[in-house]
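One structure is given below, encoded as structure tokens.
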Amino acid sequence: MINTVILALGFAVAASAAPGPVEQKVSFPTRDGWTITGLYRPAKKHGTVLVLAHGVAASKAEWAGFTQRLAEKGVGTLAIDLRGHDESKKGPPGSGDYTTFDAQGEWPLMAADLDAAVEWLKAKGIPDEKIALGGASIGANLASVEAAARPKTPFLLLLSAGPDYRGVRLRKPLTRTLAGASPPDQGADMTLKPLGAVPGVETFEAPAGHGVQMFADPATLDKVVNWVVAASKGRKP
């Protein structure tokens, strides 16, 4: 009897934890000679795919828990390693890793990494209006740059954006946007306040953290996941 109950409970747990599509490692070239590596989870039923860019000295791995949650809800993701980071270190002759980028003025050029990600998705038959953009820290600024160049972007996620990260200036959102920061992160929080006055932008404050560190607060993670799921379906959260 006890074994029967255990088996029944085990089945219930397994059934409630739908893993979503299997994560795939992919790579694609940028127009300026870098090879970008990413982790791709297809959307269910031809849904929206969210391209995600990390912060300085981080990697695609920082999005792991978030992308798993979205996969369970049917939202696709493509979390990339920006050039010079983790598995995206193959570049043109003379290039280095991100530690050389300040001297080389490479940071603003990283918008091409997101552009390559979007083009890779489009080559798989996913239209512009089904490819959303998001990022954390400098990745948020880069996502804003790419979204400004792609007016059909369905929504934008900005975690701890700043006015200017290493030469990457934040662009005014032109589409439906969720932007968040935490009060202890004063630079990002100061950036957040004027964003709230932009039409179509919803803002939130997390208790603490910068970028994906804000997801350490379960309520913040739930809020962002629920917003993205609703936005991907064209609904109001």
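Ligands are numbered from 1 in the order shown, residues from 1 within each chain, and chains are lettered A, B, ... in the order they appear in the structure tokens.
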
Residues at most 9 Å from A:Ala143, counting only C-alpha atoms, excluding those fewer than 2 positions away in the same chain, as a compact mmCIF listing (two decimals) with C-alpha atoms, in the first residue's frame?
# COMPACT_ATOMS: atom_id res chain seq x y z
CA VAL A 51 16.20 35.97 -27.66
CA LEU A 52 18.19 36.62 -24.47
CA ALA A 53 21.50 38.45 -23.97
CA ALA A 111 24.30 44.23 -31.25
CA LEU A 114 21.50 39.60 -31.46
CA LEU A 133 14.15 40.37 -27.40
CA GLY A 134 15.45 40.61 -23.86
CA GLY A 135 18.58 41.07 -21.84
CA ALA A 136 20.22 41.77 -18.52
CA ILE A 138 24.52 45.44 -20.96
CA GLY A 139 22.43 42.72 -22.60
CA ALA A 140 19.32 44.79 -21.89
CA ASN A 141 20.84 47.78 -23.65
CA VAL A 145 19.28 48.55 -29.80
CA GLU A 146 18.17 45.50 -31.77
CA ALA A 147 14.47 46.09 -31.02
CA ALA A 148 14.78 49.68 -32.26
CA LEU A 156 11.03 43.62 -25.05
CA LEU A 157 12.39 42.56 -21.65
CA LEU A 158 14.90 44.86 -19.94
CA LEU A 170 19.85 52.43 -24.14
CA ARG A 171 17.31 53.06 -26.91

Report as a ChimeraX atom specification all protein, DNA and RNA residues lying within 7 Å of stretch 173-179 of chain A, evaluated on only C-alpha atoms, omitting residues in the same chain fewer than 5 positions from it. /A:144,148,153-159,192,200-204

From a DSSP calculation on the backbone, collect every residue of stretch 11-200 of chain A in alpha helix (DSSP H) and output the set as a VMD selection string. chain A and resid 11 to 16 64 to 72 101 to 104 111 to 123 138 to 149 186 to 195

Across A:Pro127, A:Gly196, A:Gly84, A:Pro42, the smallest distance to A:Glu72, with only C-alpha atoms counted, is shown by A:Pro42

Point out the residue among A:Ala71, A:Met190, A:Met110, A:Ala149 with the least atom-to-atom distance to A:Asp32, counting only C-alpha atoms. A:Met110

Which of A:Glu205, A:Asp222, A:Glu23, A:Glu87 sits closest to A:Lys193 [using only C-alpha atoms]: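 Distance minimum relative to A:Lys193 lands on A:Glu205.
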
For a quick check of understanding, using only C-alpha atoms, which of A:Glu129, A:Asp185, A:Asp217, A:Asp164 has the smallest distance to A:Leu50?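 Using only C-alpha atoms, the shortest distance to A:Leu50 belongs to A:Glu129.
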